[in-house]
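What follows is a single structure, written as structure tokens, with notes after it.
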Protein chains: 2
Amino acid sequence: MEEILDQIADVFRRHGYEGATLSRLSAATGLGRASLYHHFPDGKADMAQAVAAHMSQNVMKQIFSRLEGEGSTRQKLEGFASGIIEFYDGGAKNCFLAAMTLTGGNTVLAEPMQRSVTRWIEKVSRILLEAGAEEKVALRRARMTVERIQGALIVARSLNDPQSFETTVRELPDMLLQGLE
Amino acid sequence: MEEILDQIADVFRRHGYEGATLSRLSAATGLGRASLYHHFPDGKADMAQAVAAHMSQNVMKQIFSRLEGEGSTRQKLEGFASGIIEFYDGGAKNCFLAAMTLTGGNTVLAEPMQRSVTRWIEKVSRILLEAGAEEKVALRRARMTVERIQGALIVARSLNDPQSFETTVRELPDMLLQGLE
DNA sequence: GTCTATATAGGGATAGAC
DNA sequence: GTCTATCCCTATATAGAC
């Protein structure tokens, strides 16, 4: 089931909501169209929601977990950056929620999207507060972090240069810690 | 024809390439499906290309033009920010090319997209060079500008808060001129 | 230059056998 | 839990009248 969700997620990320046809989803999972309806009775909308929940868990495990535990703030942020690069496969994979924004899955996914962005900003700003940043600064830098990650994915795809995504993400710890250590 | 292209562009920006059905395009323009084929013999792919060229001109007129002529670098950059906010309707409208990236118009639009991003980076870095920035700094800040604009559009849409887009764009001149005046 | 009508393919979704 | 077969709808695209 984990594997099916990953395969479905890939299709959504590559083609957007409208472009994720049952044929493509069927091909990606190796399941017949009808079998997909066994797992997801409400069809595509169902799959999109399941994938959103699945991705949210993965982000927690692979990215946010790096901000907790031992180590200096800088070490945590560098782990955070590594987690992001892994998660987006070095810039080769799109953000699922960003892909949904631009293709009409909006209605069903509006809440998950909002909560996801809010959580990113909270997590990043919290660690900056702990490092001694003022609240305004922490919030501004956290928002900037999310913007740059999303933007860097688009730029990397436009330039057909995934490396530029990695470059941007590796810059984040320095930007976030400016004047704090 | 200008008007038709604007109407078509809106559909692509709202629904992405796959979501821009001929029915929607027909409704948006007031033209019958068949009439659209009169103007764009190759159908959707044709429209997407025409819109890309049209948008490129608009960006030139409404945004990049602000970086030329009289005034201090700061004044130019503030005009630039205003142009961006107008162009994206205060964060309410998506970027056409970003919408295409995530929905399969890729093949046809790969080159326009690449040229567009490259031009943004060139234009912004050039004005920083003129203001005395080192080349590395200018390029990094220019890339960051494009990333933040793209990212801010996604964040604004996710949070259902167009205002946050405007806030980010208004921050750009300060960020770009840091240490240069 | 716009329309009606239509051809053909593929979309999402369900029934029922195994 | 997966399949084949099928339904209905919408999509893209074209022909030809006006």
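Every chain in the structure tokens has a letter given in the order shown (A, B, ...), and although residue numbers restart at 1 in each chain, ligands are simply numbered from 1 in the order shown.
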Would you kindly report the residues of chain D within 9 Å of chain B, using only C-alpha atoms (C1' of nucleotides), as a JSON list (two decimals) with C-alpha atoms (C1' of nucleotides), in the first residue's frame?
```json
[["chain", "number", "residue", "atom", "x", "y", "z"],
["D", 11, "DA", "C1'", -12.30, 15.75, -25.10],
["D", 12, "DT", "C1'", -10.06, 17.03, -29.44],
["D", 13, "DA", "C1'", -10.59, 17.72, -34.07],
["D", 14, "DT", "C1'", -12.77, 18.18, -38.77]]
```
**OP:** Would you kindly report the residues of chain A within 7 Å of chain B, using only C-alpha atoms, as a ChimeraX atom specification?
**Re:** /A:14-16,18-19,98-99,102-104,113-114,147-148,150-152,154-155,158-159
Expected file contents, prior selection, N, CA, C and O atoms, as a PDB file, in the first residue's frame:
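File written: again.pdb
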```pdb
ATOM      1  N   ARG A  14       3.983  14.502 -11.513  1.00  0.00           N
ATOM      2  CA  ARG A  14       4.466  14.720 -12.873  1.00  0.00           C
ATOM      3  C   ARG A  14       3.420  15.371 -13.759  1.00  0.00           C
ATOM      4  O   ARG A  14       3.749  16.179 -14.621  1.00  0.00           O
ATOM      5  N   HIS A  15       2.157  15.003 -13.568  1.00  0.00           N
ATOM      6  CA  HIS A  15       1.130  15.410 -14.530  1.00  0.00           C
ATOM      7  C   HIS A  15       0.067  16.343 -13.972  1.00  0.00           C
ATOM      8  O   HIS A  15      -0.795  16.796 -14.723  1.00  0.00           O
ATOM      9  N   GLY A  16       0.096  16.611 -12.667  1.00  0.00           N
ATOM     10  CA  GLY A  16      -0.966  17.426 -12.091  1.00  0.00           C
ATOM     11  C   GLY A  16      -2.242  16.621 -11.926  1.00  0.00           C
ATOM     12  O   GLY A  16      -2.318  15.442 -12.321  1.00  0.00           O
ATOM     13  N   GLU A  18      -5.408  17.043 -13.207  1.00  0.00           N
ATOM     14  CA  GLU A  18      -6.163  16.753 -14.426  1.00  0.00           C
ATOM     15  C   GLU A  18      -5.389  15.816 -15.350  1.00  0.00           C
ATOM     16  O   GLU A  18      -5.979  15.044 -16.083  1.00  0.00           O
ATOM     17  N   GLY A  19      -4.079  15.907 -15.301  1.00  0.00           N
ATOM     18  CA  GLY A  19      -3.268  15.066 -16.169  1.00  0.00           C
ATOM     19  C   GLY A  19      -3.059  13.659 -15.630  1.00  0.00           C
ATOM     20  O   GLY A  19      -2.558  12.785 -16.331  1.00  0.00           O
ATOM     21  N   ALA A  98       2.043  21.752  -4.746  1.00  0.00           N
ATOM     22  CA  ALA A  98       2.163  22.801  -5.758  1.00  0.00           C
ATOM     23  C   ALA A  98       1.548  22.330  -7.068  1.00  0.00           C
ATOM     24  O   ALA A  98       0.849  23.090  -7.745  1.00  0.00           O
ATOM     25  N   ALA A  99       1.782  21.078  -7.406  1.00  0.00           N
ATOM     26  CA  ALA A  99       1.209  20.546  -8.644  1.00  0.00           C
ATOM     27  C   ALA A  99      -0.313  20.557  -8.571  1.00  0.00           C
ATOM     28  O   ALA A  99      -0.984  20.851  -9.560  1.00  0.00           O
ATOM     29  N   LEU A 102      -2.244  24.025  -9.172  1.00  0.00           N
ATOM     30  CA  LEU A 102      -2.360  24.591 -10.505  1.00  0.00           C
ATOM     31  C   LEU A 102      -3.191  23.745 -11.439  1.00  0.00           C
ATOM     32  O   LEU A 102      -3.154  23.929 -12.641  1.00  0.00           O
ATOM     33  N   THR A 103      -3.961  22.828 -10.893  1.00  0.00           N
ATOM     34  CA  THR A 103      -4.684  21.958 -11.815  1.00  0.00           C
ATOM     35  C   THR A 103      -6.042  21.557 -11.302  1.00  0.00           C
ATOM     36  O   THR A 103      -6.618  20.577 -11.772  1.00  0.00           O
ATOM     37  N   GLY A 104      -6.566  22.253 -10.335  1.00  0.00           N
ATOM     38  CA  GLY A 104      -7.960  22.066 -10.004  1.00  0.00           C
ATOM     39  C   GLY A 104      -8.283  21.056  -8.918  1.00  0.00           C
ATOM     40  O   GLY A 104      -9.436  20.849  -8.595  1.00  0.00           O
ATOM     41  N   MET A 113      -3.331  21.695   1.934  1.00  0.00           N
ATOM     42  CA  MET A 113      -2.314  22.619   1.429  1.00  0.00           C
ATOM     43  C   MET A 113      -2.043  23.736   2.409  1.00  0.00           C
ATOM     44  O   MET A 113      -0.895  24.073   2.695  1.00  0.00           O
ATOM     45  N   GLN A 114      -3.116  24.300   2.906  1.00  0.00           N
ATOM     46  CA  GLN A 114      -2.964  25.408   3.835  1.00  0.00           C
ATOM     47  C   GLN A 114      -2.234  24.952   5.103  1.00  0.00           C
ATOM     48  O   GLN A 114      -1.302  25.612   5.576  1.00  0.00           O
ATOM     49  N   GLU A 147       9.123  29.863   0.219  1.00  0.00           N
ATOM     50  CA  GLU A 147       9.063  30.455  -1.118  1.00  0.00           C
ATOM     51  C   GLU A 147      10.233  29.988  -1.976  1.00  0.00           C
ATOM     52  O   GLU A 147      10.052  29.589  -3.128  1.00  0.00           O
ATOM     53  N   ARG A 148      11.407  30.018  -1.407  1.00  0.00           N
ATOM     54  CA  ARG A 148      12.576  29.671  -2.223  1.00  0.00           C
ATOM     55  C   ARG A 148      12.580  28.195  -2.597  1.00  0.00           C
ATOM     56  O   ARG A 148      13.009  27.834  -3.701  1.00  0.00           O
ATOM     57  N   GLN A 150       9.921  26.267  -3.069  1.00  0.00           N
ATOM     58  CA  GLN A 150       8.927  26.108  -4.131  1.00  0.00           C
ATOM     59  C   GLN A 150       9.420  26.738  -5.428  1.00  0.00           C
ATOM     60  O   GLN A 150       9.318  26.143  -6.503  1.00  0.00           O
ATOM     61  N   GLY A 151       9.938  27.949  -5.317  1.00  0.00           N
ATOM     62  CA  GLY A 151      10.421  28.633  -6.507  1.00  0.00           C
ATOM     63  C   GLY A 151      11.586  27.904  -7.144  1.00  0.00           C
ATOM     64  O   GLY A 151      11.672  27.813  -8.372  1.00  0.00           O
ATOM     65  N   ALA A 152      12.471  27.380  -6.326  1.00  0.00           N
ATOM     66  CA  ALA A 152      13.649  26.705  -6.866  1.00  0.00           C
ATOM     67  C   ALA A 152      13.256  25.455  -7.643  1.00  0.00           C
ATOM     68  O   ALA A 152      13.909  25.103  -8.629  1.00  0.00           O
ATOM     69  N   ILE A 154      10.544  25.151  -9.413  1.00  0.00           N
ATOM     70  CA  ILE A 154      10.048  25.625 -10.703  1.00  0.00           C
ATOM     71  C   ILE A 154      11.198  26.089 -11.586  1.00  0.00           C
ATOM     72  O   ILE A 154      11.265  25.751 -12.774  1.00  0.00           O
ATOM     73  N   VAL A 155      12.110  26.839 -11.004  1.00  0.00           N
ATOM     74  CA  VAL A 155      13.263  27.315 -11.774  1.00  0.00           C
ATOM     75  C   VAL A 155      14.095  26.137 -12.276  1.00  0.00           C
ATOM     76  O   VAL A 155      14.492  26.102 -13.447  1.00  0.00           O
ATOM     77  N   SER A 158      12.331  24.625 -15.145  1.00  0.00           N
ATOM     78  CA  SER A 158      12.331  25.500 -16.321  1.00  0.00           C
ATOM     79  C   SER A 158      13.680  25.493 -17.018  1.00  0.00           C
ATOM     80  O   SER A 158      13.754  25.465 -18.246  1.00  0.00           O
ATOM     81  N   LEU A 159      14.739  25.536 -16.223  1.00  0.00           N
ATOM     82  CA  LEU A 159      16.081  25.560 -16.802  1.00  0.00           C
ATOM     83  C   LEU A 159      16.575  24.158 -17.130  1.00  0.00           C
ATOM     84  O   LEU A 159      17.657  23.991 -17.671  1.00  0.00           O
TER      85      LEU A 159
END
```
**OP:** For chain C, list the residues within 10 Å of chain A, counting only C-alpha atoms (C1' of nucleotides), and write the list as a list in words.
**Re:** DG10, DG11, DG12, DA13 and DT14 of chain C
Subject >> Interatomic distance, atom CA of A:Phe87 to atom CA of A:Glu130 (Å, one decimal) >> reply: 25.3 Å
Subject >> For A:Arg74: contacts at 8 Å, only C-alpha atoms (C1' of nucleotides), fewer than 2 positions along chain excluded, given as a list of chain:residue names >> reply: A:Ser72, A:Lys76, A:Leu77, A:Glu78, A:Pro173, A:Leu177
